[in-house]
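In what follows, a single structure is set out as structure tokens and then discussed.
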2 protein chains.
Amino acid sequence: MKQYSLIFVFLWTFSSTFCFSQTESSSIKEDFKPSITNQPGKEFPQVNSQGYARFRIEAPQADSVRVSLGLGGRGGTKLTKNEDGVWTGTTEGPMDEGFHYYHLTVDGGTFNDPGSKNYYGSTRWESGIEIPAHDQDFYALKNVPHGHVQQVLFPSPSTGTSRRAFVYTPPGYGKDASKRYPVLYLQHGWGEDETAWSNQGHANLIMDNLIAEGKVEPFIIVMTYGMTNEVKFGGLRDFKVDAFQTVLVDELVPYVDENFRTLADQKHRAMGGLSMGGMETHSITLNKPEVFSRYALLSGGIYTPEELKDSTKPDLIFISAGSKENPDRVTKAVSALKEAGFNAVSYVSEGTAHEFQTWRRSLYELAPILFSNK
Amino acid sequence: MKQYSLIFVFLWTFSSTFCFSQTESSSIKEDFKPSITNQPGKEFPQVNSQGYARFRIEAPQADSVRVSLGLGGRGGTKLTKNEDGVWTGTTEGPMDEGFHYYHLTVDGGTFNDPGSKNYYGSTRWESGIEIPAHDQDFYALKNVPHGHVQQVLFPSPSTGTSRRAFVYTPPGYGKDASKRYPVLYLQHGWGEDETAWSNQGHANLIMDNLIAEGKVEPFIIVMTYGMTNEVKFGGLRDFKVDAFQTVLVDELVPYVDENFRTLADQKHRAMGGLSMGGMETHSITLNKPEVFSRYALLSGGIYTPEELKDSTKPDLIFISAGSKENPDRVTKAVSALKEAGFNAVSYVSEGTAHEFQTWRRSLYELAPILFSNK
């Protein structure tokens, strides 16, 4: 089995930290509101209608407080202390629409913002902030029927434990005991875990809204932890897909087919993933073409016709990236696949980088076509 | 509807911060291990076999780092800095078995420990640490069939939004589409939310283990947010149960009965809660005796025969507390209820205070008898 060098995933990840939208603004609008990613009742951090973020941290005896988000490379945004011992600051420019991880550096120590909720990224629980997007409606919490997100603990003999997965079941799943559904296995990126697609990605709300609008036939989504081989965090060059492939294909898929009303065949089973999850998807679908028939790489590499020539022909290949990543690579790969006779679709998210807004939009584009040619 | 003064809840909550076990130890055993509540791969905080906790925080330029856990009142444990700028310290004494919330004070600012997972308590995401308990086996993750914990978003016209609940469905729920189950509505305490009973309480694992041992007939548990009236955090004296009662009885119960295979009658519906959740249980069961038939107060007050004389007679009343709270009040209340002809059961958790170990044990005692006299 191949060992992939994932250095470009690192590059993507680091680059996203200082990606700002191109809009230059001479004045900052004073219409700041608490971020929707704040903890209940917390007034800060705040965001304004232009995409600026403002922070407020109480640490009266501290000498230095920085926020990792900001212009100008790794320095982020330096906060300044007022006479009450409260540190405040605003990003130098507007930020990309969508979700961003961040943390504080307080007198040299790394801490989270006590105002924000936490999200698992970079192999730790990080602070998160949401910059309102012009298209945020598609992942908004609306008054529509909602699916459930089920935490399951499935037996994993290969790793000697019960492992966690989250399973999205569409609205009405509990009502009609005869209906069966296709399944998408959807993976997170490096340093994230099985909570990412729900918490950061709002995969459940994207599906709820698409289903309510009649744009997609309901399907199940399964999300589990993909860094199964427990490499020391950061050692991605040693990453091998074998351990995860065993957990996914030999342990999780049978558990899901036994405990959920799935259409339990290759035709109705898809795999996708973002970033490192895309690389896992690439490896596992090529290793196990008899298990999955629909493949999706979200900022996670490409397929070539040559790689696929000995496989069962997949029913769909979806490849996407943000316009601030390497969109040409995606569109060229899809053109080559089409020329070779594959059902391939590309998607480029405008104005976004290697970040969750790209992947939310990718899922929104993918879902309606994923099982449409059953 | 009555308005309750919940001041004693505050007293209980504050007292739990500096409750230590009575064991005096002349020497600290150097068998410290990472706490099981740590983030993946994090070496600190650590706990030893006696119940001491040791902390390690990197903050090289800080002047002061304290941990809110510790002997000696509000000061907690003061850490000291070594030449590498790393702060370390150990609690002055062993701590109570079980789960504890805590936070850091770094140069006057409140932050979480970057090594620990976070748990919603005190109306914020706090750090948590687990002191291994002599009886931890009953809530351990074991190789047994596991139920699912489903996140649901249910429509709430009274509050104008979709509200979140978690629903524990027992092992095998997805396999036998004909089986129906009784339901326990189980509430968290003040400052916590609907995640508490799973994350801090391990309610799902307690049930999984009891079911695997054949000690309990499977039932469903529903957990939702109980501070519905959105009082400014801390203003518990203004707390009224009305808004929450509407959400629970008029909105959540019908949603659960429609979307899950419940035994949808009063006989098979229980309500319980810890601390403030017990007070809510007390109020709502007295207001709506036609909805629930089994009541459980976990460190959350008592019932008197007088309060119940005009109600439908409940099938079970369960009242518990830690031995470090006011256990006599619990046992006396249950004696009085029994004398008046009620099916009442008391439970006192030995050596624990107003904290989750008391409530884990209470659920473990409650579950086997909750629906046993159907």
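Naming scheme: A, B, ... for chains in displayed order of the structure tokens; residues 1 onward per chain; ligands 1 onward as shown.
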Where does chain A meet chain B within 9 Å, residue by residue, with the nearest atom pair and distance in Å to one decimal for each, counting only C-alpha atoms, listed by chain and rising number, as a tab-separated table?
residue	atom	partner	partner_atom	distance
A:Gln39	CA	B:Arg124	CA	6.8
A:Pro40	CA	B:Thr123	CA	7.5
A:Gly41	CA	B:Phe233	CA	7.8
A:Ile57	CA	B:Gly109	CA	7.7
A:Glu58	CA	B:Gly109	CA	5.3
A:Ala59	CA	B:Gly109	CA	3.8
A:Pro60	CA	B:Gly108	CA	5.4
A:Gln61	CA	B:Asp107	CA	4.5
A:Ala62	CA	B:Asp107	CA	5.1
A:Asp63	CA	B:Ala62	CA	7.6
A:Ser64	CA	B:Gln61	CA	8.4
A:Gly85	CA	B:Gly108	CA	9.0
A:Thr105	CA	B:Ala59	CA	8.7
A:Val106	CA	B:Ala59	CA	7.2
A:Asp107	CA	B:Gln61	CA	4.5
A:Gly108	CA	B:Ala59	CA	5.0
A:Gly109	CA	B:Ala59	CA	3.8
A:Thr110	CA	B:Pro114	CA	7.2
A:Phe111	CA	B:Pro114	CA	6.1
A:Asn112	CA	B:Phe111	CA	6.9
A:Asp113	CA	B:Phe111	CA	7.4
A:Pro114	CA	B:Phe111	CA	6.0
A:Gly115	CA	B:Arg124	CA	8.5
A:Ser116	CA	B:Trp125	CA	9.0
A:Lys117	CA	B:Trp125	CA	7.5
A:Asn118	CA	B:Asn118	CA	8.3
A:Thr123	CA	B:Pro40	CA	7.5
A:Arg124	CA	B:Gln39	CA	6.8
A:Trp125	CA	B:Lys117	CA	7.5
A:Leu141	CA	B:Ser162	CA	7.6
A:Lys142	CA	B:Ser162	CA	7.5
A:Asn143	CA	B:Ser162	CA	6.6
A:Val144	CA	B:Pro155	CA	8.3
A:Pro145	CA	B:Pro155	CA	8.0
A:His146	CA	B:Leu153	CA	6.0
A:Gly147	CA	B:Val152	CA	7.0
A:His148	CA	B:Val152	CA	4.9
A:Val149	CA	B:Gln151	CA	5.0
A:Gln150	CA	B:Gln150	CA	3.9
A:Gln151	CA	B:Val149	CA	5.0
A:Val152	CA	B:His148	CA	4.9
A:Leu153	CA	B:His146	CA	6.0
A:Phe154	CA	B:His146	CA	7.4
A:Pro155	CA	B:Asn143	CA	7.2
A:Gly160	CA	B:Asn143	CA	8.9
A:Thr161	CA	B:Asn143	CA	7.0
A:Ser162	CA	B:Asn143	CA	6.6
A:Phe166	CA	B:Gln150	CA	8.9
A:Val167	CA	B:Gln150	CA	8.8
A:Gly172	CA	B:Asn259	CA	7.3
A:Tyr173	CA	B:Asn259	CA	8.0
A:Gly174	CA	B:Asn259	CA	5.0
A:Lys175	CA	B:Asn259	CA	5.8
A:Ala177	CA	B:Ala177	CA	6.6
A:Lys232	CA	B:Gly41	CA	8.0
A:Phe233	CA	B:Gly41	CA	7.8
A:Glu258	CA	B:Lys175	CA	7.3
A:Asn259	CA	B:Gly174	CA	5.0
A:Phe260	CA	B:Gly174	CA	6.0
A:Arg261	CA	B:Gly174	CA	8.0
**OP:** Would you please extract all strand (DSSP E) residues from stretch 58-93 of chain A, as assigned by DSSP on the backbone, and give them as a VMD selection string?
**Re:** chain A and resid 58 65 to 67 77 to 78 80 to 81 86 to 90
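Atom pair atom CA of B:Phe99 / atom CA of B:Ser346: separated by 22.6 Å.
Secondary structure by DSSP on the backbone puts the following residues of stretch 88-141 of chain B in helix (DSSP H, G or I): Gln136, Asp137, Phe138 and Tyr139 of chain B.
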Subject >> Residue nearest A:Gly128 among A:Ser35, A:Leu184, A:Gly351, A:Gly191 (counting only C-alpha atoms) >> reply: A:Ser35
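For the choices B:Pro132, B:Gly76, B:Gly214, B:Pro45, the atom-to-atom distance to B:Gly98 is smallest for B:Pro132 when using only C-alpha atoms.
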